[in-house]
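Peer 1: Next comes entry26.cif, mmCIF, C-alpha atoms and all ligand atoms:
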```
data_upload
loop_
_atom_site.label_atom_id
_atom_site.label_comp_id
_atom_site.auth_asym_id
_atom_site.auth_seq_id
_atom_site.Cartn_x
_atom_site.Cartn_y
_atom_site.Cartn_z
CA VAL S 136 57.62 19.46 56.86
CA ALA S 137 57.10 16.04 55.28
CA ALA S 138 53.30 16.24 55.23
CA ILE S 139 53.40 19.52 53.37
CA ASP S 140 55.99 18.26 50.90
CA ASP S 141 53.87 15.18 50.22
CA LEU S 142 50.80 17.26 49.48
CA VAL S 143 52.75 19.57 47.17
CA ALA S 144 54.14 16.54 45.35
CA GLU S 145 50.67 14.97 44.92
CA LEU S 146 49.03 18.19 43.75
CA SER S 147 51.80 18.90 41.26
CA ARG S 148 50.94 15.62 39.51
CA LEU S 149 47.54 17.02 38.53
CA PRO S 150 47.19 18.22 34.95
CA GLY S 151 47.98 21.88 34.44
CA ILE S 152 49.41 22.27 37.92
CA GLY S 153 53.09 22.96 38.19
CA ARG S 154 55.17 22.97 41.34
CA LYS S 155 54.50 26.65 42.06
CA THR S 156 50.73 26.31 41.80
CA ALA S 157 50.87 23.16 43.92
CA GLN S 158 52.71 25.10 46.60
CA ARG S 159 50.19 27.93 46.43
CA LEU S 160 47.28 25.49 46.73
CA THR S 161 48.95 23.73 49.63
CA TYR S 162 49.42 26.96 51.54
CA HIS S 163 45.86 27.92 50.76
CA LEU S 164 44.68 24.59 52.20
CA LEU S 165 46.83 25.06 55.31
CA HIS S 166 44.85 28.21 56.03
CA GLN S 167 41.54 26.38 55.94
CA SER S 168 39.73 24.99 58.96
CA LYS S 169 40.33 21.37 59.94
CA ASP S 170 36.71 20.76 59.12
CA ARG S 171 37.05 21.84 55.52
CA LEU S 172 40.18 19.82 55.02
CA SER S 173 38.43 16.75 56.41
CA ARG S 174 35.55 17.23 53.99
CA LEU S 175 38.00 17.37 51.12
CA ALA S 176 39.73 14.22 52.38
CA VAL S 177 36.39 12.43 52.74
CA ALA S 178 35.38 13.40 49.19
CA LEU S 179 38.69 12.08 47.83
CA THR S 180 38.35 8.83 49.76
CA ALA S 181 34.79 8.38 48.55
CA VAL S 182 35.92 8.74 44.95
CA ALA S 183 38.77 6.31 45.51
CA GLU S 184 36.63 3.70 47.24
CA ARG S 185 33.22 3.95 45.65
CA VAL S 186 33.63 5.00 42.04
CA ARG S 187 34.20 2.27 39.50
CA GLU S 188 33.35 1.38 35.92
CA CYS S 189 29.79 0.62 34.93
CA SER S 190 29.76 -2.95 33.62
CA ARG S 191 27.37 -2.00 30.81
CA CYS S 192 28.78 1.25 29.47
CA GLY S 193 32.19 1.88 31.03
CA ASN S 194 31.10 5.20 32.53
CA TYR S 195 31.88 6.05 36.13
CA SER S 196 29.44 4.47 38.52
CA GLU S 197 28.93 3.95 42.22
CA GLY S 198 27.33 0.56 41.70
CA ASP S 199 27.87 -2.25 39.20
CA VAL S 200 25.55 -0.48 36.74
CA CYS S 201 25.41 3.32 36.43
CA GLU S 202 22.34 5.53 36.80
CA ILE S 203 22.02 6.16 33.07
CA CYS S 204 22.05 2.44 32.22
CA ARG S 205 19.51 1.77 34.97
CA ASP S 206 17.14 4.57 33.98
CA PRO S 207 14.08 2.90 32.38
CA ARG S 208 12.98 6.15 30.72
CA ARG S 209 16.05 6.08 28.46
CA ASP S 210 15.68 4.78 24.91
CA PRO S 211 17.52 1.42 24.87
CA GLY S 212 17.74 1.55 21.08
CA LEU S 213 20.04 4.58 20.97
CA LEU S 214 23.69 4.24 21.86
CA CYS S 215 26.07 7.19 21.89
CA VAL S 216 29.72 6.13 21.66
CA VAL S 217 32.19 8.49 23.31
CA GLU S 218 35.88 8.39 24.14
CA GLU S 219 35.89 9.37 27.80
CA PRO S 220 33.45 9.60 30.73
CA SER S 221 33.87 13.38 30.66
CA ALA S 222 32.16 13.38 27.24
CA VAL S 223 29.08 11.70 28.74
CA MET S 224 28.79 14.57 31.16
CA VAL S 225 29.16 17.08 28.36
CA VAL S 226 26.52 15.46 26.14
CA GLU S 227 24.19 15.11 29.12
CA ARG S 228 24.54 18.73 30.11
CA ALA S 229 24.55 20.21 26.61
CA THR S 230 21.87 18.24 24.82
CA GLY S 231 18.51 16.64 25.36
CA TYR S 232 19.87 13.21 24.44
CA ARG S 233 17.78 10.44 26.01
CA GLY S 234 19.56 7.32 24.87
CA ARG S 235 22.38 5.40 26.49
CA TYR S 236 26.17 5.49 26.14
CA LEU S 237 29.23 3.43 25.59
CA VAL S 238 32.51 4.85 26.88
CA LEU S 239 35.43 3.47 24.88
CA GLY S 240 38.04 4.56 27.41
CA GLY S 241 40.24 6.37 24.90
CA ARG S 242 40.88 6.75 21.19
CA LEU S 243 42.94 4.92 18.64
CA SER S 244 46.44 6.30 18.75
CA PRO S 245 49.32 4.33 17.24
CA ILE S 246 51.76 6.88 18.68
CA GLU S 247 50.55 6.29 22.23
CA GLY S 248 50.26 2.56 21.59
CA VAL S 249 46.47 2.51 21.81
CA GLY S 250 44.92 -0.08 19.51
CA PRO S 251 41.40 -1.56 19.40
CA ASP S 252 42.29 -3.96 22.23
CA GLN S 253 42.87 -1.07 24.61
CA LEU S 254 39.37 0.26 23.98
CA ARG S 255 36.06 -1.23 25.15
CA VAL S 256 35.29 -2.74 21.78
CA ASP S 257 34.29 -6.07 23.33
CA LEU S 258 31.80 -4.35 25.57
CA LEU S 259 30.33 -2.65 22.50
CA ARG S 260 30.08 -6.02 20.73
CA ARG S 261 28.27 -7.49 23.72
CA ARG S 262 25.82 -4.62 23.79
CA LEU S 263 25.10 -5.09 20.09
CA GLN S 264 24.54 -8.81 20.54
CA GLU S 265 21.69 -8.07 22.92
CA GLY S 266 19.85 -6.91 19.80
CA GLU S 267 18.16 -3.85 21.30
CA ILE S 268 20.26 -1.19 19.62
CA ARG S 269 18.84 0.44 16.49
CA GLU S 270 21.24 3.33 16.12
CA VAL S 271 24.81 4.02 17.18
CA ILE S 272 25.79 7.68 17.34
CA LEU S 273 29.52 8.19 16.98
CA ALA S 274 30.45 11.09 19.24
CA THR S 275 34.21 10.72 19.31
CA ASN S 276 36.22 13.91 19.37
CA PRO S 277 36.64 15.86 16.12
CA SER S 278 40.36 15.08 15.96
CA LEU S 279 42.41 12.73 13.75
CA GLU S 280 42.41 10.04 16.44
CA GLY S 281 38.70 10.56 17.05
CA GLU S 282 37.99 10.12 13.33
CA ALA S 283 40.08 6.95 13.18
CA THR S 284 38.21 5.62 16.21
CA ALA S 285 34.86 6.41 14.61
CA THR S 286 35.93 4.57 11.45
CA LEU S 287 36.90 1.52 13.52
CA ILE S 288 33.47 1.40 15.16
CA GLN S 289 31.79 1.98 11.83
CA GLU S 290 33.63 -1.01 10.35
CA LEU S 291 32.63 -3.10 13.32
CA LEU S 292 29.00 -2.25 12.71
CA ALA S 293 29.05 -2.89 8.97
CA GLY S 294 26.49 -5.49 8.01
CA THR S 295 24.81 -5.62 11.42
CA GLY S 296 21.77 -3.66 10.28
CA VAL S 297 22.37 -1.09 13.01
CA ARG S 298 22.09 2.49 11.78
CA VAL S 299 25.28 4.48 12.33
CA SER S 300 25.35 8.24 12.59
CA ARG S 301 28.04 10.77 13.30
CA LEU S 302 27.82 14.16 14.98
CA ALA S 303 27.22 16.75 12.25
CA ARG S 304 30.24 18.49 10.79
CA GLY S 305 30.89 22.00 11.91
CA LEU S 306 32.51 21.06 15.19
CA PRO S 307 35.95 22.65 15.37
CA VAL S 308 38.46 20.12 14.03
CA GLY S 309 41.20 19.13 16.43
CA GLY S 310 39.00 20.09 19.34
CA ASP S 311 37.65 18.17 22.25
CA LEU S 312 33.93 17.78 22.93
CA GLU S 313 34.54 19.18 26.38
CA TYR S 314 35.41 22.59 25.04
CA ILE S 315 32.58 22.94 22.57
CA ASP S 316 29.72 25.19 23.56
CA SER S 317 26.42 23.49 24.32
CA VAL S 318 24.48 25.13 21.47
CA THR S 319 26.94 23.86 18.87
CA LEU S 320 27.10 20.40 20.40
CA SER S 321 23.35 20.16 20.77
CA HIS S 322 22.95 21.15 17.13
CA ALA S 323 25.58 18.65 15.99
CA LEU S 324 23.69 15.89 17.78
CA GLN S 325 20.30 16.91 16.34
CA ALA S 326 21.73 17.20 12.86
CA ARG S 327 23.71 13.97 13.10
CA GLN S 328 24.34 12.36 9.76
CA GLU S 329 23.59 8.80 8.95
CA ILE S 330 26.66 7.15 7.52
CA THR S 331 25.41 3.62 6.97
ZN ZN S 401 26.34 2.52 32.51
#
```
Show the structure stored in the file as structure tokens.
Ligand SMILES: [Zn+2]
Peer 2:
Amino acid sequence: VAAIDDLVAELSRLPGIGRKTAQRLTYHLLHQSKDRLSRLAVALTAVAERVRECSRCGNYSEGDVCEICRDPRRDPGLLCVVEEPSAVMVVERATGYRGRYLVLGGRLSPIEGVGPDQLRVDLLRRRLQEGEIREVILATNPSLEGEATATLIQELLAGTGVRVSRLARGLPVGGDLEYIDSVTLSHALQARQEIT
């Protein structure tokens, strides 16, 4: 059945899902009510049609500017720089951070052909030019690429008078912020170290 084959093919493109799992999921879905399947389809369509990049921070947003950037209770002087939108969610859930974010959209990786131009460095420059930011917190992943990315941002900020801090050491090296427990991450943010 073509419709079933199509669904298996689409699901098997998801990370961590091989052909067998995709088939299992497809047959599971076939057993669900039409209603449930429609809700799933509607949720997927909504994501495809409504979610885009926030023009101020690069995070996912349903409007031009995301909820975090619009929230007037957030400290406009604090900017947490992360690699991916998923890291915003992690920092939000794990810590009491009340500043704003900038999502770079990746990390420096010569092997994968990712240089500064592929990251939202221009957006960061624009944010800095507004003159509101006192401190930039580098919250890139504790990996080699994450470190290189943090160094790039640090160099960009040299001489601007903006304080730069880095999540405290002690995060597992080579890890991803997503997989770090909230106590450790919260502590690393509190104990962030000023580097310039
Ligand atoms: Zn935003």
Peer 1: Counting only C-alpha atoms and all ligand atoms, which residues in chain S sit no more than 10 Å from ligand ZN 401 (chain S)? For each one, give the nearest pair of atoms and the distance in Å, sorted by chain then residue number, as CSV.
Peer 2:
```
residue,atom,partner,partner_atom,distance
S:Glu188,CA,S:ZN401,ZN,7.9
S:Cys189,CA,S:ZN401,ZN,4.6
S:Ser190,CA,S:ZN401,ZN,6.5
S:Arg191,CA,S:ZN401,ZN,4.9
S:Cys192,CA,S:ZN401,ZN,4.1
S:Gly193,CA,S:ZN401,ZN,6.1
S:Asn194,CA,S:ZN401,ZN,5.5
S:Tyr195,CA,S:ZN401,ZN,7.5
S:Ser196,CA,S:ZN401,ZN,7.0
S:Gly198,CA,S:ZN401,ZN,9.4
S:Asp199,CA,S:ZN401,ZN,8.4
S:Val200,CA,S:ZN401,ZN,5.2
S:Cys201,CA,S:ZN401,ZN,4.1
S:Glu202,CA,S:ZN401,ZN,6.6
S:Ile203,CA,S:ZN401,ZN,5.7
S:Cys204,CA,S:ZN401,ZN,4.3
S:Arg205,CA,S:ZN401,ZN,7.3
S:Asp206,CA,S:ZN401,ZN,9.5
S:Arg235,CA,S:ZN401,ZN,7.8
S:Tyr236,CA,S:ZN401,ZN,7.0
S:Leu237,CA,S:ZN401,ZN,7.6
S:Val238,CA,S:ZN401,ZN,8.7
```
Peer 1: Interatomic distance between CA of Leu259 in chain S and CA of Gly212 in chain S?
Peer 2: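 Distance between the two atoms: 13.3 Å.
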Peer 1: Please list as a list in words every residue within 10 Å of Asp311 in chain S, counting only C-alpha atoms and excluding residues in the same chain fewer than 6 positions away.
Peer 2: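 Here the answer would be Ala222, Thr275, Asn276, Pro277, Ser278 and Gly281 of chain S.
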Peer 1: To one decimal in Å, tell me the separation between CA of Gly250 in chain S and CA of Ala293 in chain S.
Peer 2: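 Straight-line distance from CA of Gly250 in chain S to CA of Ala293 in chain S works out to 19.3 Å.
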Peer 1: Identify which of the residues S:Leu258, S:Leu213, S:Val249, S:Leu324 lies closest to Glu270 in chain S, counting only C-alpha atoms when measuring atom-to-atom distances.
Peer 2: S:Leu213
Peer 1: For CA of Leu302 in chain S and CA of Leu214 in chain S, determine how far apart the two atoms are, in Å to one decimal place.
Peer 2: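 Distance reported for this atom pair: 12.8 Å.
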Peer 1: Distance cut-off 10 Å, centre (28.2, 11.0, 14.0) in file coordinates, counting all atoms listed in the file: which residues qualify? Return them as a list in words.
Peer 2: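 Residues close enough to count: Cys215, Val216, Val271, Ile272, Leu273, Ala274, Thr275, Pro277, Glu282, Ala285, Gln289, Val299, Ser300, Arg301, Leu302, Ala303, Arg304, Ala323, Leu324, Ala326, Arg327, Gln328, Glu329 and Ile330 of chain S.
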Peer 1: Which is closest to Gln325 in chain S among S:Val217, S:Val226, S:Leu243, S:Leu279, if we use all atoms listed in the file?
Peer 2: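 Once distances to Gln325 in chain S are computed over all atoms listed in the file, the minimum belongs to S:Val226.
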Peer 1: For range 136-144 of chain S, work out the shell of residues within 12 Å, counting all atoms listed in the file and skipping chain neighbours fewer than 4 positions away, then give it as a list in words.
Peer 2: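 My list of contacting residues is Arg148, Leu149, Ile152, Gly153, Arg154, Lys155, Thr156, Ala157, Gln158, Arg159, Leu160, Thr161, Tyr162, His163, Leu164, Leu165 and Ala176 of chain S.
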Peer 1: Hey, which of S:Ala178, S:Val297, S:Leu312, S:Val225 ends up closest to Arg262 in chain S? Count only C-alpha atoms.
Peer 2: S:Val297
Peer 1: Starting from 5 Å padding per side, set up an axis-aligned box that covers all listed atoms of range 146-163 of chain S and hand over centre and edge lengths in Å, one decimal, as lines of an AutoDock Vina configuration file.
Peer 2:
```
center_x = 50.5
center_y = 21.8
center_z = 43.0
size_x = 19.3
size_y = 22.3
size_z = 27.1
```
Peer 1: For Gly296 in chain S, which of S:Gln264, S:Gly234, S:Pro220, S:Val318 is the closest residue, counting all atoms listed in the file?
Peer 2: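 Answer, going by the shortest atom-to-atom distance: S:Gln264.
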